Each structure stands twice: as C-alpha cells, then as structure tokens.
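One structure below.
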Number of protein chains: 2
Amino acid sequence: MTNTVDDGPGTGRESGTQALDRALRILLAFPREEPERKVSDVSRELGLHKSTASRLFRALTDAGFLQRNEETGMYRLGVTVFDLGARFLAGLDMHAIARPLLRELAEREGESVNLGIRDGLDAISIDVVQGTRNVQLVSRLGRRIPLWCSAAGKALLLDHGDAEIRALLAGAPWTALTSRTITDIDTFIERFGEVRERGWAGNDEESEEGLRVVAAPVRDRMGTIAASISVSGPIFRLDDARMAELAAAAVRTADELSRRIGHGVGEIWGS
Amino acid sequence: MTNTVDDGPGTGRESGTQALDRALRILLAFPREEPERKVSDVSRELGLHKSTASRLFRALTDAGFLQRNEETGMYRLGVTVFDLGARFLAGLDMHAIARPLLRELAEREGESVNLGIRDGLDAISIDVVQGTRNVQLVSRLGRRIPLWCSAAGKALLLDHGDAEIRALLAGAPWTALTSRTITDIDTFIERFGEVRERGWAGNDEESEEGLRVVAAPVRDRMGTIAASISVSGPIFRLDDARMAELAAAAVRTADELSRRIGHGVGEIWGS
DNA sequence: GAGCCTTGCTCTATATTATGAAACTTAGCA
DNA sequence: TGCTAAGTTTCATAATATAGAGCAAGGCTC
C-alpha cells in the first residue's frame, strides 16, 4: 500500500508525475541556511521512502542538479541549477537592458540598487549593484523578501486594486520582521492608497532595522508591471527629503527602462 | 511499444527514473540563444510523445521551473530555477568570501575580474566584477567557456598531470574560436608544462579576438583546486609586462582566498 | 470565409515504470 | 566485537506514466 491520494503540502492537485514532483520537491528542500543535507533527512522531511529518495538523488546527481560531497556523503545543489538560473536571467530582455541603467543610478546616488521581480508572495532580487558609500547594507542576488514589507514588493503591486491585493495577500503570514512591519491587511490597504497615487513605494525599516528603501515599477510593452527598481540605504543617510529625491531618481530610471523594453512603443519597432 | 532500451544522447545508463530524466532534459533544452520554446519543438527534439511532453511541461510549470508566456503560449525557464541557482551560490563558502577580494582586485587593477569553477569541460563564471576602465569586455554571470581555451579553465587544470588532462579532454571538440585557439591535445599538453611551472595560466586571444586574460587557482582545505580567479582586459592595455603584473596580483588574491577558505589551515579552526 | 494544418491539452486503457520491503554495505560508536 | 544508523542495491508488485485518440483553438492558404 502507498500514499494513494496523498499529496504533500506543496501545491494542489498533481497527476501523472509523482516521481517528477517528488524530485522537484527534493531540490527545493535545499534552503539557503542548510546547503548540505543528508538523504535520510530530506526523505524524512518529505515523507519519502529512503530507497525512493536514494534513487531520485542519484538521478538528480547524474544530471548535475545535485552534487555529492565525497567527504561527508551529503548532497548539495549542483552546478547545473546555477547554469539554468543564469539562463533564466539571460532570457529576460530586461535583465541585460537594465544593467547599465542600474549601474548609472547606483553611481550617481551612491546607494545600492536592486532589480526585483515577483515570485509568488515574494519579491526576488535579480540584479544588485552596490552603492559607492562606505556603509552599505548587503543585498545578495536571489534574495527573497515578502511583498508587503518591501519597497520592491509594494512597487510590484502598484497596479493592483484593493480587492486584488486582498485576495493575493490572503495567505500571507504577516510575520513582523521589525517593530515597523505592517502586520495586517487592513493597515496595508489603507496606507497603500497613498503609495499608488504618488507612483513609488517606500520601506521605512519595515523589513530590517535601520534600512530605508524606495522603489519604482518597471512596465513591459503590455503596460504590465514586470519588475521594480529599488534604492536602499541606511537611515542615517536617508531622511525624508533624501527619500523623495531617491524616489524621483528611481522613477526616472524605471521609466527609462520601461521605455527601453518597449513600454509605450506600441507596434512601432526599430529605432 | 516504446523506446525500451533507448536512452538519449545524454548520460550513460539510467534506471527507474525515466520521467524525471526526461523532465530534466526538458529543462536543459532551453538554451541561452532560445529562451522561449514551444512544447512541440522540445518534444520533437527529445523524441518525446507530445502528450508526455505536455504533462511534464505542466508539472514543471506548476512547480515554477518553467513559466508559460500567455501571449505566445510558449514556455521559458521559471523563477524557481533562478532561485535554486542563487541558493547554489549562497551555499558555496567561497562565493561569499571571495566577493570583497574580487572587488578589491578589480578596483586596484582596473580590469574585470572573474571567479570560475569547473563544470564538465567548461569553466563557468560564478562571480564577475567589472573593471573601472572605460573599455571593458563584458562578461556575464554563468558564462561558460571551454577549459582548454580560457585562462580560467587552464588554471582549474593546473594540478592535473598530462595523462589526466589527455583523458579529460579526450572528448573535447577543439573548435577554433579565434586564429590563436589551440586545436589539438598535443600542442595543449606541450604548452601546459610551462603554465604548470609558473603557477598561473594565460589566454592570449585564444577565445576572443583582442582579449587577454590571466588566471590563478584557488585551493580548498584539501588542497584541491576548487576555483580560479581571472583578470581580463583588451590587448591594447595588456602587454606582456602588464600580463605578468596582473598574474602576480591574481595569484596573490587567489592565495588569500585559498587561505580564507581553509587551505593550509589543517585541523585548526577559529581565529 | 471555408477548409486545412499545426499545436496544445485532456481522457483512458495498458504495460511499463517507479515503488517500497528486505537484504546488503559501510561507517560510526559503545 | 557487536550494535545502530545511513546509504545503496535488488526484485516482485502495483501503481504510475505512457502513448493513442479525440477535442478545441489558432494560423494559413486558397
């Protein structure tokens, strides 16, 4: 007997792809905090038979999606996943086009600049340019941060109506990261009206003590918000006036990027 | 009837994981040059039944490994692969530790710096810091380049003996990228002796016209070469004297990185 | 605009494939 | 030395993935 109708806590209904689903869940079971894991650990966590897990691990390893540490016998993510990740970026027009604009913005303002896209309920950073000042809060490529407590995330939601946002964030955990994190949907909606009007989003120590951020949306040729550009820095350098200044700069850069990826160009192509 | 014993041109013998193997091959069927593909294209290429491919595509899409372009109906790699790629990097001690060293090197010398690791017969770039000079040859994260025609690649082979290298590069295509590319194993081995002796590798327009590179190996706590640090620039700035200078700088940085990730530290830990 | 082709997706019977129990190794530890 | 735990391999079995047929939806040609 087996787990006939049992599907894991992952997504909804799957069918005809049990082995694949399990293997993908294995890959996702390697979090940042624990890069190296044992077969037994993972199999227990996912409720897989150890022989099943072992076989899937081997297949993933053969394909380079996992790699085995010969010293410890443990596994970690393999180079192939990095390769695919790089291909993902290379496939985004936006990423290549944004690079020089982000550098320019970071250089001019001296603060760190991020390019973020949405993934589920998180914003995920797909490009980072560190600022030139001495004190910099590190931000790493691939960093995730909840939509509702990040400037980048809010900017990505800018075109969503109240009802949409309510539906989207229904499943949000609303865990407080700092004392300033917004922890309920009503407060969020209430404050979001202003954000929507002015066209850029802020983050005033909502995700990290001492960190302030502004972000502006990037629109693709359909007018859909496809990314956001955010500028971040320590609170002692970013008073309200400076925030407004940086916001204006972020909006300018975001608009320029939008233009370059075809927003407002209509059907006319070429120069 | 189906392809009973038929395994694709991929790896060797697989068993008990057909569906998974096929799905992974689907992911790898999205090359940089063609980020968006149709189900039928891919299924034809891989020799899969269209219904099989369709099902696998859906499973991969549900898990975020692929994403569907609603306009065109085509698929591309999804955010999840990028997420995993970023986790891969985050899991490498080396990557985090190398960052500041690479920046420092790039700043001091003004030329672009790469951190590369080996993947099969390629070196793959896992970190890039652009130089400060005006003219810079772009290098992108995740860039692949054959071991035998790159400084980064040669540096990764530095500890290999002639026989090992011969075995490793037996399957190499030896395609010429420029007029200076080495195109046979014998010439490679012959010239490699010198490289091994001096402890750093060079690339004199072997991969790209006008590009010169030097690279030095990074060793982990087992003494194994785990990565290479390379410095590259246009030929008009990099005469032989400057190459030697940059090589020395690369070696110094690589040695420092080796030290920081535990090379030569033995069993003693802590400060 | 009608017909034709291609594509993507769903449904279902079938047998191929993945599964899990048990056995076997290897390693660490008392 | 024997014990426990982890990882891998083997193998009979049943559940799973497969491929065929059918359907709906677009694109092209005529």
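Going through the structure tokens in order, the chains are called A, B, and so on, while each chain numbers its residues from 1 and the ligands are numbered from 1 in the order shown.
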>> Please identify all residues of chain B having at least one atom at most 10 Å from any atom of chain D, considering only C-alpha atoms (C1' of nucleotides), and return them as a VMD selection string.
In response: chain B and resid 1 to 2 18 to 19 48 to 52 55
>> Could you go through stretch 44-142 of chain A and tell me which residues DSSP, when run on the backbone, assigns to helix (DSSP H, G or I), listing them as an MDAnalysis selection string?
In response: chainID A and resid 44:46 50:62 79:91 93:109
Please write the residues from the selection above to a file, keeping C-alpha atoms, as a short mmCIF file (atom, residue, chain, number, x, y, z; two decimals), in the first residue's frame.
data_model
loop_
_atom_site.label_atom_id
_atom_site.label_comp_id
_atom_site.auth_asym_id
_atom_site.auth_seq_id
_atom_site.Cartn_x
_atom_site.Cartn_y
_atom_site.Cartn_z
CA ARG A 44 12.02 12.02 6.27
CA GLU A 45 11.03 15.61 5.77
CA LEU A 46 9.24 14.88 2.52
CA LYS A 50 14.60 6.05 1.70
CA SER A 51 15.10 3.85 -1.33
CA THR A 52 12.91 6.13 -3.41
CA ALA A 53 14.77 9.16 -2.20
CA SER A 54 18.08 7.48 -2.84
CA ARG A 55 17.14 6.72 -6.41
CA LEU A 56 15.90 10.24 -7.07
CA PHE A 57 19.02 11.71 -5.50
CA ARG A 58 21.11 9.65 -7.81
CA ALA A 59 19.21 10.72 -10.90
CA LEU A 60 19.47 14.35 -9.87
CA THR A 61 23.15 13.94 -9.17
CA ASP A 62 23.80 12.25 -12.51
CA VAL A 79 26.27 23.46 -10.86
CA THR A 80 23.52 22.69 -13.33
CA VAL A 81 20.92 24.54 -11.29
CA PHE A 82 23.18 27.56 -11.33
CA ASP A 83 23.61 27.18 -15.05
CA LEU A 84 19.84 27.09 -15.55
CA GLY A 85 19.44 30.06 -13.25
CA ALA A 86 21.88 32.03 -15.36
CA ARG A 87 19.98 31.02 -18.47
CA PHE A 88 16.80 32.28 -16.89
CA LEU A 89 18.40 35.69 -16.42
CA ALA A 90 19.90 35.68 -19.89
CA GLY A 91 16.44 35.06 -21.29
CA ASP A 93 15.39 41.09 -22.08
CA MET A 94 15.01 43.29 -19.11
CA HIS A 95 17.98 41.98 -17.24
CA ALA A 96 20.52 42.77 -19.91
CA ILE A 97 18.99 46.13 -20.70
CA ALA A 98 18.71 47.15 -17.07
CA ARG A 99 22.34 46.55 -16.14
CA PRO A 100 23.83 49.87 -17.34
CA LEU A 101 20.88 51.87 -16.04
CA LEU A 102 21.21 50.33 -12.60
CA ARG A 103 24.94 50.99 -12.51
CA GLU A 104 24.40 54.56 -13.50
CA LEU A 105 21.75 55.07 -10.83
CA ALA A 106 23.90 53.48 -8.14
CA GLU A 107 26.88 55.56 -9.11
CA ARG A 108 25.00 58.83 -9.28
CA GLU A 109 23.23 58.38 -5.95
#
>> Using only C-alpha atoms (C1' of nucleotides), I'd like every residue of chain C that has an atom within 9 Å of chain A; please write them out as a ChimeraX atom specification.
In response: /C:18-20
>> Env of B:Phe30: 8 Å cut, atoms = only C-alpha atoms (C1' of nucleotides), seq-sep filter 5 positions within chain, self excluded. Answer as an NGL selection string.
In response: (:A and (87)) or (:B and (35-37 or 76-77))
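Contact shell of A:Asp255 at 9 Å (only C-alpha atoms (C1' of nucleotides); same-chain neighbours under 3 positions omitted): Ala216, Pro217, Val218, Arg219, Ala250, Val251, Arg252, Ser258, Arg259, Arg260 and His263 of chain A.
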Just to be explicit: take each residue in the selection above, keep C-alpha atoms, and write the result as an mmCIF file, in the first residue's frame.
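The result, stored in out-v7.cif:
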data_model
loop_
_atom_site.group_PDB
_atom_site.id
_atom_site.type_symbol
_atom_site.label_atom_id
_atom_site.label_comp_id
_atom_site.auth_asym_id
_atom_site.auth_seq_id
_atom_site.Cartn_x
_atom_site.Cartn_y
_atom_site.Cartn_z
ATOM 1 C CA ALA A 216 9.529 52.332 -8.623
ATOM 2 C CA PRO A 217 7.753 49.986 -11.053
ATOM 3 C CA VAL A 218 9.024 48.913 -14.459
ATOM 4 C CA ARG A 219 6.377 48.258 -17.095
ATOM 5 C CA ALA A 250 14.274 55.565 -9.118
ATOM 6 C CA VAL A 251 11.142 56.543 -11.006
ATOM 7 C CA ARG A 252 13.202 58.167 -13.749
ATOM 8 C CA SER A 258 10.235 50.623 -19.242
ATOM 9 C CA ARG A 259 10.717 52.646 -22.394
ATOM 10 C CA ARG A 260 13.702 50.574 -23.469
ATOM 11 C CA HIS A 263 6.565 50.241 -22.928
#
List every residue of stretch 59-129 of chain A that DSSP, applied to the backbone of this structure, assigns to strand (DSSP E), and report them as a CSV table (one decimal) with N, CA and C atoms, in the first residue's frame.
chain,number,residue,atom,x,y,z
A,66,LEU,N,22.2,17.9,-8.5
A,66,LEU,CA,22.8,17.8,-7.1
A,66,LEU,C,24.2,17.4,-7.2
A,67,GLN,N,25.0,17.7,-6.2
A,67,GLN,CA,26.3,17.1,-6.2
A,67,GLN,C,26.6,16.5,-4.8
A,68,ARG,N,27.4,15.5,-4.8
A,68,ARG,CA,27.7,14.7,-3.6
A,68,ARG,C,29.0,15.2,-3.1
A,75,TYR,N,24.7,15.8,0.3
A,75,TYR,CA,24.4,16.4,-1.0
A,75,TYR,C,24.2,17.9,-0.9
A,76,ARG,N,24.5,18.5,-2.0
A,76,ARG,CA,24.1,19.9,-2.1
A,76,ARG,C,23.7,20.2,-3.6
A,77,LEU,N,23.1,21.4,-3.8
A,77,LEU,CA,22.7,21.7,-5.2
A,77,LEU,C,23.9,21.7,-6.1
A,112,SER,N,22.9,51.6,-2.9
A,112,SER,CA,22.7,50.3,-3.6
A,112,SER,C,21.4,50.2,-4.3
A,113,VAL,N,21.4,49.6,-5.5
A,113,VAL,CA,20.3,49.5,-6.3
A,113,VAL,C,19.9,48.0,-6.6
A,114,ASN,N,18.6,47.7,-6.6
A,114,ASN,CA,18.2,46.3,-6.8
A,114,ASN,C,17.2,46.3,-8.0
A,115,LEU,N,17.2,45.3,-8.7
A,115,LEU,CA,16.2,45.0,-9.7
A,115,LEU,C,15.4,43.8,-9.2
A,116,GLY,N,14.1,43.9,-9.0
A,116,GLY,CA,13.4,42.8,-8.5
A,116,GLY,C,12.2,42.4,-9.3
A,117,ILE,N,11.8,41.1,-9.2
A,117,ILE,CA,10.6,40.6,-9.9
A,117,ILE,C,9.8,39.9,-8.9
A,118,ARG,N,8.6,39.6,-9.3
A,118,ARG,CA,7.7,38.9,-8.3
A,118,ARG,C,7.8,37.4,-8.5
A,119,ASP,N,7.8,36.7,-7.3
A,119,ASP,CA,7.7,35.2,-7.4
A,119,ASP,C,6.8,34.9,-6.2
A,122,ASP,N,6.6,36.8,-2.8
A,122,ASP,CA,7.9,37.4,-2.5
A,122,ASP,C,8.3,38.3,-3.7
A,123,ALA,N,9.1,39.3,-3.4
A,123,ALA,CA,9.9,39.9,-4.4
A,123,ALA,C,11.3,39.2,-4.4
A,124,ILE,N,11.9,39.0,-5.5
A,124,ILE,CA,13.2,38.3,-5.6
A,124,ILE,C,14.1,39.2,-6.4
A,125,SER,N,15.3,39.3,-5.9
A,125,SER,CA,16.3,40.3,-6.5
A,125,SER,C,17.0,39.6,-7.6
A,126,ILE,N,16.9,40.1,-8.8
A,126,ILE,CA,17.6,39.5,-10.0
A,126,ILE,C,18.8,40.3,-10.4
A,127,ASP,N,19.0,41.5,-9.8
A,127,ASP,CA,20.3,42.2,-10.1
A,127,ASP,C,20.5,43.1,-8.9
A,128,VAL,N,21.8,43.3,-8.6
A,128,VAL,CA,22.2,44.1,-7.5
A,128,VAL,C,23.4,44.9,-7.9
A,129,VAL,N,23.4,46.2,-7.7
A,129,VAL,CA,24.6,47.0,-7.8
A,129,VAL,C,24.8,47.7,-6.5
> Residues at most 10 Å from B:Ser150, counting only C-alpha atoms (C1' of nucleotides), excluding those fewer than 2 positions away in the same chain, as a ChimeraX atom specification?
Replying inline: /B:122-123,144-148,152-156,181,201-208,212-215,230
